[in-house]
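K.L.:
PDB, C-alpha atoms, file upload_32.pdb:
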ATOM      1  CA  ILE N  65      -5.929  22.832  -7.365
ATOM      2  CA  VAL N  66      -8.021  19.747  -6.768
ATOM      3  CA  HIS N  67      -9.523  19.722  -3.295
ATOM      4  CA  LEU N  68     -10.329  16.227  -2.069
ATOM      5  CA  ASP N  69     -11.911  17.307   1.216
ATOM      6  CA  ASN N  70     -15.443  16.320   0.264
ATOM      7  CA  ILE N  71     -14.640  13.819  -2.464
ATOM      8  CA  LYS N  72     -12.243  11.212  -1.144
ATOM      9  CA  LYS N  73     -12.109   9.339   2.119
ATOM     10  CA  MET N  74      -8.517  10.530   2.321
ATOM     11  CA  THR N  75      -9.906  13.523   4.212
ATOM     12  CA  SER N  76     -10.296  11.241   7.225
ATOM     13  CA  LEU N  77      -6.514  11.285   7.621
ATOM     14  CA  SER N  78      -5.632  12.917  10.919
ATOM     15  CA  SER N  79      -2.531  13.495  12.995
ATOM     16  CA  SER N  80      -2.369  12.449  16.618
ATOM     17  CA  SER N  81      -0.050  15.352  17.379
ATOM     18  CA  ASN N  82      -1.236  18.833  18.331
ATOM     19  CA  THR N  83       2.111  20.570  18.074
ATOM     20  CA  GLY N  84       3.023  23.294  15.620
ATOM     21  CA  THR N  85       1.228  26.279  14.189
ATOM     22  CA  GLU N  86       1.093  27.783  10.730
ATOM     23  CA  GLY N  87       3.726  30.302  11.788
ATOM     24  CA  THR N  88       6.220  27.769  13.137
ATOM     25  CA  ARG N  89       5.413  24.649  11.194
ATOM     26  CA  LYS N  90       8.481  22.980   9.784
ATOM     27  CA  ARG N  91       8.445  22.109   6.081
ATOM     28  CA  PHE N  92       9.115  18.494   5.184
ATOM     29  CA  SER N  93       7.970  15.736   2.849
ATOM     30  CA  VAL N  94       6.846  12.163   3.444
ATOM     31  CA  ARG N  95       7.588   9.733   0.626
ATOM     32  CA  PHE N  96       5.742   6.411   0.556
ATOM     33  CA  HIS N  97       7.710   3.723  -1.327
ATOM     34  CA  LEU N  98       4.948   1.241  -2.169
ATOM     35  CA  VAL N  99       6.127  -2.197  -3.323
ATOM     36  CA  ARG N 100       4.133  -5.172  -4.515
ATOM     37  CA  HIS N 101       5.279  -8.595  -3.303
ATOM     38  CA  GLY N 102       7.204 -11.046  -5.503
ATOM     39  CA  GLU N 103       5.559 -13.582  -7.779
ATOM     40  CA  THR N 104       3.714 -16.407  -6.002
ATOM     41  CA  ILE N 105       2.741 -19.879  -7.152
ATOM     42  CA  ALA N 106      -0.874 -18.701  -7.347
ATOM     43  CA  ASN N 107       0.147 -15.668  -9.457
ATOM     44  CA  ARG N 108       1.988 -17.974 -11.834
ATOM     45  CA  ASP N 109      -0.944 -20.374 -12.070
ATOM     46  CA  GLY N 110      -3.649 -17.736 -12.459
ATOM     47  CA  ILE N 111      -5.320 -18.262  -9.074
ATOM     48  CA  VAL N 112      -7.097 -15.483  -7.161
ATOM     49  CA  LEU N 113      -5.567 -15.000  -3.715
ATOM     50  CA  GLY N 114      -7.104 -12.084  -1.864
ATOM     51  CA  GLN N 115      -6.425 -12.762   1.813
ATOM     52  CA  ILE N 116      -5.450 -16.414   1.493
ATOM     53  CA  ASP N 117      -1.767 -17.075   0.879
ATOM     54  CA  SER N 118       0.682 -18.682  -1.517
ATOM     55  CA  PRO N 119       4.485 -19.021  -1.332
ATOM     56  CA  LEU N 120       6.870 -17.138  -3.572
ATOM     57  CA  THR N 121       8.170 -18.879  -6.675
ATOM     58  CA  PRO N 122      11.910 -18.952  -7.447
ATOM     59  CA  LEU N 123      11.214 -16.023  -9.801
ATOM     60  CA  GLY N 124       9.454 -14.157  -6.999
ATOM     61  CA  ILE N 125      12.444 -14.684  -4.726
ATOM     62  CA  SER N 126      14.831 -13.383  -7.400
ATOM     63  CA  GLN N 127      12.592 -10.345  -7.967
ATOM     64  CA  ALA N 128      12.723  -9.420  -4.276
ATOM     65  CA  LYS N 129      16.491  -9.928  -4.183
ATOM     66  CA  ALA N 130      16.859  -7.666  -7.229
ATOM     67  CA  LEU N 131      15.001  -4.935  -5.354
ATOM     68  CA  HIS N 132      17.342  -5.459  -2.400
ATOM     69  CA  ARG N 133      20.342  -4.908  -4.659
ATOM     70  CA  THR N 134      18.952  -1.628  -5.999
ATOM     71  CA  PHE N 135      17.679   0.073  -2.849
ATOM     72  CA  GLY N 136      16.888  -2.365  -0.038
ATOM     73  CA  ARG N 137      20.458  -2.582   1.237
ATOM     74  CA  ASN N 138      20.357   0.948   2.570
ATOM     75  CA  HIS N 139      17.388   0.278   4.838
ATOM     76  CA  LYS N 140      18.495   2.942   7.318
ATOM     77  CA  VAL N 141      17.135   5.666   5.025
ATOM     78  CA  PHE N 142      13.608   4.533   5.836
ATOM     79  CA  PHE N 143      11.896   6.168   8.791
ATOM     80  CA  ARG N 144       9.421   3.287   8.844
ATOM     81  CA  LYS N 145       9.582  -0.169   7.240
ATOM     82  CA  GLU N 146       6.200  -1.869   6.997
ATOM     83  CA  SER N 147       4.619  -4.857   5.311
ATOM     84  CA  SER N 148       1.335  -6.671   4.997
ATOM     85  CA  ASP N 149       1.223  -9.527   7.486
ATOM     86  CA  LEU N 150       0.398 -12.094   4.773
ATOM     87  CA  GLY N 151       3.166 -14.572   4.086
ATOM     88  CA  ARG N 152       4.009 -13.511   0.550
ATOM     89  CA  CYS N 153       4.634  -9.942   1.718
ATOM     90  CA  ARG N 154       6.476 -11.005   4.868
ATOM     91  CA  HIS N 155       8.853 -13.084   2.744
ATOM     92  CA  THR N 156       9.271 -10.336   0.142
ATOM     93  CA  SER N 157       9.950  -7.597   2.701
ATOM     94  CA  ARG N 158      12.590  -9.721   4.411
ATOM     95  CA  LEU N 159      14.350 -10.425   1.123
ATOM     96  CA  VAL N 160      14.166  -6.763   0.072
ATOM     97  CA  LEU N 161      15.771  -5.767   3.369
ATOM     98  CA  GLY N 162      18.281  -8.615   3.264
ATOM     99  CA  ILE N 163      17.238 -10.379   6.464
ATOM    100  CA  GLY N 164      15.441 -13.528   5.291
ATOM    101  CA  GLY N 165      16.248 -16.800   3.580
ATOM    102  CA  ASP N 166      14.793 -18.201   0.375
ATOM    103  CA  ASP N 167      12.443 -20.518   2.272
ATOM    104  CA  GLY N 168      10.679 -17.649   4.056
ATOM    105  CA  GLU N 169      10.544 -19.493   7.382
ATOM    106  CA  ASP N 170       9.975 -17.656  10.683
ATOM    107  CA  LEU N 171      13.324 -18.479  12.257
ATOM    108  CA  PRO N 172      14.521 -16.935  15.552
ATOM    109  CA  GLN N 173      17.410 -15.173  13.838
ATOM    110  CA  THR N 174      15.039 -13.741  11.222
ATOM    111  CA  ASN N 175      12.681 -12.436  13.882
ATOM    112  CA  ALA N 176      15.608 -10.909  15.750
ATOM    113  CA  ALA N 177      16.758  -9.163  12.576
ATOM    114  CA  GLU N 178      13.221  -7.800  12.042
ATOM    115  CA  ASN N 179      13.256  -6.314  15.506
ATOM    116  CA  GLU N 180      16.708  -4.835  14.973
ATOM    117  CA  ILE N 181      15.772  -2.960  11.796
ATOM    118  CA  GLN N 182      12.205  -2.340  13.054
ATOM    119  CA  LEU N 183      10.261  -4.109  10.314
ATOM    120  CA  THR N 184       6.553  -3.999  11.191
ATOM    121  CA  PHE N 185       3.772  -6.236   9.849
ATOM    122  CA  ASP N 186       0.375  -4.543   9.622
ATOM    123  CA  VAL N 187      -2.983  -6.175   8.787
ATOM    124  CA  ARG N 188      -4.162  -2.887   7.257
ATOM    125  CA  LEU N 189      -1.771  -3.460   4.340
ATOM    126  CA  ARG N 190      -3.464  -6.739   3.405
ATOM    127  CA  GLU N 191      -4.849  -7.467  -0.032
ATOM    128  CA  ARG N 192      -8.489  -6.719  -0.718
ATOM    129  CA  ALA N 193     -10.593  -9.652   0.467
ATOM    130  CA  LYS N 194     -12.178 -11.253  -2.593
ATOM    131  CA  GLY N 195     -14.801 -13.543  -1.149
ATOM    132  CA  VAL N 196     -15.658 -16.816  -2.850
ATOM    133  CA  ARG N 197     -13.215 -16.124  -5.694
ATOM    134  CA  GLU N 198     -10.245 -16.700  -3.389
ATOM    135  CA  GLY N 199      -8.439 -19.902  -4.320
ATOM    136  CA  MET N 200     -10.202 -20.185  -7.667
ATOM    137  CA  SER N 201      -9.130 -19.538 -11.233
ATOM    138  CA  LYS N 202      -9.038 -15.924 -12.403
ATOM    139  CA  LYS N 203     -10.922 -17.082 -15.496
ATOM    140  CA  LEU N 204     -14.081 -17.716 -13.487
ATOM    141  CA  THR N 205     -16.699 -15.007 -13.132
ATOM    142  CA  SER N 206     -17.964 -14.093  -9.671
ATOM    143  CA  GLU N 207     -21.181 -15.975 -10.411
ATOM    144  CA  GLN N 208     -19.317 -19.119 -11.459
ATOM    145  CA  ALA N 209     -17.107 -18.947  -8.372
ATOM    146  CA  MET N 210     -20.153 -18.581  -6.135
ATOM    147  CA  GLU N 211     -21.832 -21.580  -7.732
ATOM    148  CA  ILE N 212     -18.728 -23.729  -7.165
ATOM    149  CA  TYR N 213     -18.368 -22.516  -3.581
ATOM    150  CA  LEU N 214     -21.980 -23.237  -2.704
ATOM    151  CA  ARG N 215     -21.856 -26.657  -4.315
ATOM    152  CA  LYS N 216     -18.613 -27.518  -2.518
ATOM    153  CA  ASN N 217     -19.872 -26.471   0.921
ATOM    154  CA  TYR N 218     -23.452 -27.714   0.776
ATOM    155  CA  ASN N 219     -24.246 -30.896   2.693
ATOM    156  CA  THR N 220     -26.961 -32.713   0.775
ATOM    157  CA  PHE N 221     -27.308 -35.334   3.513
ATOM    158  CA  ASN N 222     -28.803 -32.940   6.083
ATOM    159  CA  ASP N 223     -29.652 -30.082   3.711
ATOM    160  CA  THR N 224     -27.317 -27.552   5.389
ATOM    161  CA  PHE N 225     -24.602 -25.118   4.313
ATOM    162  CA  GLU N 226     -21.409 -26.028   6.169
ATOM    163  CA  ALA N 227     -19.221 -22.938   5.778
ATOM    164  CA  LYS N 228     -19.410 -19.219   6.451
ATOM    165  CA  MET N 229     -19.273 -16.924   3.475
ATOM    166  CA  PRO N 230     -15.696 -15.641   3.154
ATOM    167  CA  LEU N 231     -14.958 -11.949   3.615
ATOM    168  CA  SER N 232     -15.424  -9.767   0.548
ATOM    169  CA  GLU N 233     -14.372  -6.102   0.756
ATOM    170  CA  SER N 234     -15.640  -3.086  -1.133
ATOM    171  CA  GLU N 235     -13.256  -0.396  -2.331
ATOM    172  CA  GLU N 236     -14.499   1.915   0.423
ATOM    173  CA  GLU N 237     -13.639  -0.658   3.081
ATOM    174  CA  VAL N 238     -10.101  -1.006   1.734
ATOM    175  CA  LEU N 239      -9.774   2.788   1.562
ATOM    176  CA  ARG N 240     -10.802   3.112   5.204
ATOM    177  CA  ARG N 241      -8.025   0.863   6.434
ATOM    178  CA  THR N 242      -5.585   2.431   3.965
ATOM    179  CA  THR N 243      -6.241   5.925   5.285
ATOM    180  CA  ASP N 244      -6.179   4.691   8.867
ATOM    181  CA  TRP N 245      -2.686   3.331   8.232
ATOM    182  CA  MET N 246      -1.559   6.540   6.523
ATOM    183  CA  GLN N 247      -2.885   8.719   9.325
ATOM    184  CA  ASP N 248      -0.703   6.811  11.784
ATOM    185  CA  ILE N 249       2.363   7.297   9.575
ATOM    186  CA  LEU N 250       1.767  11.006   9.019
ATOM    187  CA  GLY N 251       1.021  11.515  12.709
ATOM    188  CA  ASP N 252       4.272   9.823  13.746
ATOM    189  CA  VAL N 253       6.280  11.800  11.206
ATOM    190  CA  HIS N 254       4.711  15.102  12.233
ATOM    191  CA  ALA N 255       5.385  14.411  15.909
ATOM    192  CA  HIS N 256       9.004  13.496  15.130
ATOM    193  CA  ALA N 257       9.524  16.557  12.929
ATOM    194  CA  HIS N 258       8.339  18.837  15.741
ATOM    195  CA  ALA N 259      10.128  17.082  18.580
ATOM    196  CA  PRO N 260      11.984  19.496  20.902
ATOM    197  CA  CYS N 261      15.679  20.111  20.205
ATOM    198  CA  TYR N 262      18.028  20.680  23.123
ATOM    199  CA  ASN N 263      21.159  22.105  21.472
ATOM    200  CA  ASP N 264      22.979  22.182  18.163
ATOM    201  CA  GLN N 265      25.251  19.330  19.199
ATOM    202  CA  ASP N 266      22.477  16.974  20.167
ATOM    203  CA  ILE N 267      21.711  14.160  17.741
ATOM    204  CA  LEU N 268      18.034  14.972  18.178
ATOM    205  CA  ASN N 269      18.687  18.336  16.639
ATOM    206  CA  GLU N 270      20.263  16.720  13.594
ATOM    207  CA  GLU N 271      17.257  14.440  13.233
ATOM    208  CA  ALA N 272      14.907  17.373  13.635
ATOM    209  CA  GLN N 273      16.481  19.007  10.581
ATOM    210  CA  ARG N 274      15.345  16.101   8.417
ATOM    211  CA  GLN N 275      13.419  17.402   5.420
ATOM    212  CA  GLN N 276      12.311  14.098   3.958
ATOM    213  CA  TYR N 277      10.874  11.005   5.601
ATOM    214  CA  ASP N 278      10.898   7.796   3.566
ATOM    215  CA  ILE N 279       8.393   5.026   4.308
ATOM    216  CA  LEU N 280       8.740   1.516   2.849
ATOM    217  CA  ALA N 281       5.544  -0.529   2.527
ATOM    218  CA  VAL N 282       5.331  -3.981   0.938
ATOM    219  CA  THR N 283       1.755  -4.783  -0.024
ATOM    220  CA  HIS N 284      -0.515  -6.140  -2.771
ATOM    221  CA  SER N 285      -1.758  -5.285  -6.261
ATOM    222  CA  GLY N 286      -5.419  -4.733  -5.334
ATOM    223  CA  PHE N 287      -4.448  -2.529  -2.398
ATOM    224  CA  LEU N 288      -2.109  -0.525  -4.634
ATOM    225  CA  ARG N 289      -4.667  -0.055  -7.414
ATOM    226  CA  ILE N 290      -7.201   1.413  -5.005
ATOM    227  CA  LEU N 291      -4.648   3.663  -3.334
ATOM    228  CA  ILE N 292      -3.114   4.935  -6.580
ATOM    229  CA  GLU N 293      -6.395   5.502  -8.429
ATOM    230  CA  ASN N 294      -8.027   7.328  -5.514
ATOM    231  CA  LEU N 295      -5.049   9.371  -4.335
ATOM    232  CA  VAL N 296      -3.138  10.302  -7.511
ATOM    233  CA  GLY N 297      -5.442   9.064 -10.265
ATOM    234  CA  THR N 298      -5.502  12.481 -11.945
ATOM    235  CA  GLN N 299      -1.693  12.392 -12.179
ATOM    236  CA  LEU N 300      -1.452   9.049 -13.988
ATOM    237  CA  PRO N 301       0.034   9.186 -17.498
ATOM    238  CA  LYS N 302      -2.443   8.483 -20.284
ATOM    239  CA  ASP N 303      -0.316   5.634 -21.605
ATOM    240  CA  VAL N 304      -0.121   3.768 -18.281
ATOM    241  CA  LYS N 305      -0.479   0.018 -18.842
ATOM    242  CA  ARG N 306      -3.908  -1.373 -18.030
ATOM    243  CA  GLU N 307      -5.704  -4.661 -18.423
ATOM    244  CA  GLU N 308      -8.515  -4.911 -20.919
ATOM    245  CA  SER N 309     -11.741  -3.915 -19.230
ATOM    246  CA  THR N 310     -14.059  -6.859 -18.504
ATOM    247  CA  SER N 311     -17.188  -7.317 -16.443
ATOM    248  CA  THR N 312     -15.305  -9.596 -14.028
ATOM    249  CA  CYS N 313     -13.060  -6.750 -12.818
ATOM    250  CA  SER N 314     -15.580  -5.540 -10.278
ATOM    251  CA  GLN N 315     -15.451  -7.433  -7.001
ATOM    252  CA  ASN N 316     -18.402  -5.641  -5.409
ATOM    253  CA  ALA N 317     -21.287  -3.466  -6.484
ATOM    254  CA  THR N 318     -20.193  -0.781  -4.022
ATOM    255  CA  THR N 319     -17.347   1.173  -5.630
ATOM    256  CA  SER N 320     -16.559   4.853  -5.929
ATOM    257  CA  SER N 321     -16.952   6.755  -9.185
ATOM    258  CA  THR N 322     -13.152   6.997  -9.420
ATOM    259  CA  TYR N 323     -12.692   3.244  -9.271
ATOM    260  CA  LYS N 324     -15.607   2.567 -11.617
ATOM    261  CA  SER N 325     -13.928   4.887 -14.092
ATOM    262  CA  SER N 326     -10.664   2.968 -13.774
ATOM    263  CA  GLU N 327     -12.497  -0.293 -14.386
ATOM    264  CA  THR N 328     -14.042   1.191 -17.513
ATOM    265  CA  LEU N 329     -10.528   2.030 -18.711
ATOM    266  CA  GLY N 330      -9.143  -1.261 -17.407
ATOM    267  CA  ARG N 331      -7.347  -2.023 -14.164
ATOM    268  CA  LEU N 332      -3.787  -0.876 -13.649
ATOM    269  CA  ILE N 333      -1.231  -3.602 -14.302
ATOM    270  CA  VAL N 334       0.834  -3.847 -11.117
ATOM    271  CA  PRO N 335       3.932  -5.999 -11.755
ATOM    272  CA  ASN N 336       5.452  -8.078  -8.974
ATOM    273  CA  THR N 337       7.977  -6.044  -6.915
ATOM    274  CA  SER N 338       7.135  -2.877  -8.849
ATOM    275  CA  LYS N 339       7.755   0.287  -6.833
ATOM    276  CA  THR N 340       5.508   3.344  -6.742
ATOM    277  CA  ILE N 341       6.517   6.501  -4.853
ATOM    278  CA  ILE N 342       3.888   8.980  -3.636
ATOM    279  CA  ALA N 343       5.084  12.085  -1.803
ATOM    280  CA  PHE N 344       3.190  14.226   0.716
ATOM    281  CA  HIS N 345       4.639  17.751   0.921
ATOM    282  CA  LEU N 346       3.612  19.736   3.995
ATOM    283  CA  LEU N 347       2.240  23.180   3.123
ATOM    284  CA  ALA N 348       1.966  26.334   5.190
ATOM    285  CA  ASN N 349      -1.694  26.676   4.248
ATOM    286  CA  GLU N 350      -4.249  25.790   1.602
ATOM    287  CA  ASN N 351      -3.051  28.475  -0.789
ATOM    288  CA  ASP N 352       0.659  27.641  -0.536
ATOM    289  CA  VAL N 353       0.839  25.893  -3.912
ATOM    290  CA  GLY N 354       1.690  28.561  -6.476
ATOM    291  CA  ASP N 355       0.017  28.294  -9.890
ATOM    292  CA  GLU N 356       0.483  24.569 -10.284
ATOM    293  CA  ASP N 357      -2.373  22.190 -10.987
ATOM    294  CA  VAL N 358      -1.829  19.914  -8.014
ATOM    295  CA  THR N 359      -3.696  17.594  -5.685
ATOM    296  CA  ILE N 360      -4.273  18.845  -2.143
ATOM    297  CA  ILE N 361      -5.557  16.865   0.827
ATOM    298  CA  SER N 362      -6.062  18.019   4.382
ATOM    299  CA  THR N 363      -5.498  16.308   7.707
ATOM    300  CA  LYS N 364      -6.678  17.410  11.130
ATOM    301  CA  TYR N 365      -5.251  17.318  14.618
ATOM    302  CA  HIS N 366      -7.455  15.193  16.840
ATOM    303  CA  GLU N 367      -7.476  17.615  19.757
ATOM    304  CA  THR N 368      -7.521  21.035  18.082
ATOM    305  CA  GLY N 369      -9.219  20.320  14.772
ATOM    306  CA  GLN N 370      -6.545  22.440  13.093
ATOM    307  CA  LYS N 371      -6.199  21.644   9.396
ATOM    308  CA  ILE N 372      -2.850  20.708   7.904
ATOM    309  CA  TYR N 373      -2.482  20.771   4.132
ATOM    310  CA  TRP N 374      -0.376  18.444   2.018
ATOM    311  CA  ARG N 375       0.484  18.575  -1.657
ATOM    312  CA  VAL N 376       0.366  15.037  -3.019
ATOM    313  CA  GLU N 377       2.755  14.140  -5.815
ATOM    314  CA  LEU N 378       3.171  10.979  -7.870
ATOM    315  CA  VAL N 379       6.966  10.657  -8.020
ATOM    316  CA  ASP N 380       7.402   7.228  -9.593
ATOM    317  CA  LEU N 381       4.868   4.732 -10.936
ATOM    318  CA  LEU N 382       5.160   0.932 -10.992
ATOM    319  CA  ASN N 383       8.914   1.020 -11.592
ATOM    320  CA  ILE N 384      10.516  -2.361 -12.411
ATOM    321  CA  SER N 385      13.920  -1.144 -13.596
ATOM    322  CA  HIS N 386      15.505  -3.385 -10.945
ATOM    323  CA  LEU N 387      14.311  -6.401 -12.968
ATOM    324  CA  GLU N 388      16.223  -5.475 -16.103
ATOM    325  CA  GLY N 389      18.219  -8.507 -17.142
ATOM    326  CA  ASP N 390      16.054 -10.880 -15.087
ATOM    327  CA  GLU N 391      13.228 -13.031 -16.409
ATOM    328  CA  PRO N 392      10.129 -11.133 -17.608
ATOM    329  CA  PHE N 393       7.722 -10.212 -14.847
ATOM    330  CA  ASP N 394       4.288 -11.791 -14.506
ATOM    331  CA  ALA N 395       1.467  -9.266 -14.167
ATOM    332  CA  ASN N 396      -0.983 -11.736 -12.612
ATOM    333  CA  ASP N 397      -3.190 -10.343  -9.866
ATOM    334  CA  ASN N 398      -2.991 -10.533  -6.033
TER
END
Just give me the structure of the file as structure tokens.
P.N.:
Amino acid sequence: IVHLDNIKKMTSLSSSSNTGTEGTRKRFSVRFHLVRHGETIANRDGIVLGQIDSPLTPLGISQAKALHRTFGRNHKVFFRKESSDLGRCRHTSRLVLGIGGDDGEDLPQTNAAENEIQLTFDVRLRERAKGVREGMSKKLTSEQAMEIYLRKNYNTFNDTFEAKMPLSESEEEVLRRTTDWMQDILGDVHAHAHAPCYNDQDILNEEAQRQQYDILAVTHSGFLRILIENLVGTQLPKDVKREESTSTCSQNATTSSTYKSSETLGRLIVPNTSKTIIAFHLLANENDVGDEDVTIISTKYHETGQKIYWRVELVDLLNISHLEGDEPFDANDN
């Protein structure tokens, strides 16, 4: 058993509900289906994006449509459907769910369809902000990008710098918003799972018998790397595909030991529209895991401080089987 309570920031996850006890707690699982957006023009051209945007290429559109054909059609299975609010993810999520056109425009009928199927756009699912490297070639080092940025934004006439330094996030900062998002999901699911049932005929009763909650989230490669490495890094197969390790991989000096280790090995290759599934299985208590070597995290109720334990399982990793027969994927970043 690997206890993450004092190691990972995942221990900050907390449920807003205070219902249930160890004796009456219902068993269920929460499965996060984590999808990277389709290929963008910047991906194709080797440009760092971060939190700036770039439209999908025709290949990116076909990738998202392929994912729709394999599992996006049955969107009703998802308890929550969420996406980064950046344009490339908005467009991808719409195509995956079959409610958007190829142009990705915000049309009234598209917005109405989003409301109908309850697609939510969340800033916490954004890509890691990459500072002065955003909009520049991936081939440039951080130092080279900074030099270009300063030169471009310096006014020699009045000896002033004419732009604010763009946001650059550490891994810990991305983890904080990641866990904040996950705590909301787990809190909503827990509250729903323990909602009162009125009688056996009531539809609420049928819903309350649900044993698995599926969450769709369309996000970005940097976000996914940090989440995967920090949450289920010990469960990754040894032969997982990684980039060659280079000194330009690190975006900030402030990174956790887990992420520094992954950079030493090389960053995970996260293909466009690849799907990773991570499951949270609710446990009766900390010892309810048998003899397995598993990852355990705990969450707390805000009001009572009662600990809830989850077994975390990597179910599927960076799956691109939906692209079989299509053009080869591009593993470019962002």
K.L.:
Any idea what the distance is between atom CA of N:Met246 and atom CA of N:Lys194?
P.N.:
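If I compute the distance from atom CA of N:Met246 to atom CA of N:Lys194, I get 22.6 Å.
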K.L.:
May I ask for the distance between atom CA of N:Val94 and atom CA of N:Asp252, given in Å to one decimal place?
P.N.:
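Between atom CA of N:Val94 and atom CA of N:Asp252 the gap works out to 10.9 Å.
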K.L.:
Check which residues satisfy the PyMOL selection byres ((chain N and resi 137) around 12) in the file shown, then give them as JSON, numbers by chain.
P.N.:
{"N": [128, 129, 130, 131, 132, 133, 134, 135, 136, 138, 139, 140, 141, 142, 157, 158, 159, 160, 161, 162, 163, 181]}
K.L.:
Quick one: of N:Tyr218, N:Phe92, N:Tyr213, N:Phe143, who's nearest to N:Gly195, counting all atoms listed in the file?
P.N.:
N:Tyr213
K.L.:
Measure the distance from atom CA of N:Leu120 to atom CA of N:Asn179 in Å and round it to one decimal.
P.N.:
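Going from atom CA of N:Leu120 over to atom CA of N:Asn179 covers 22.8 Å.
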K.L.:
So that I can see what lies close to N:Trp374, please list as JSON, numbers by chain the residues with an atom at most 6 Å from it, counting all atoms listed in the file and leaving out residues fewer than 5 positions away in the same chain.
P.N.:
{"N": [344, 345, 346, 347, 360, 361]}
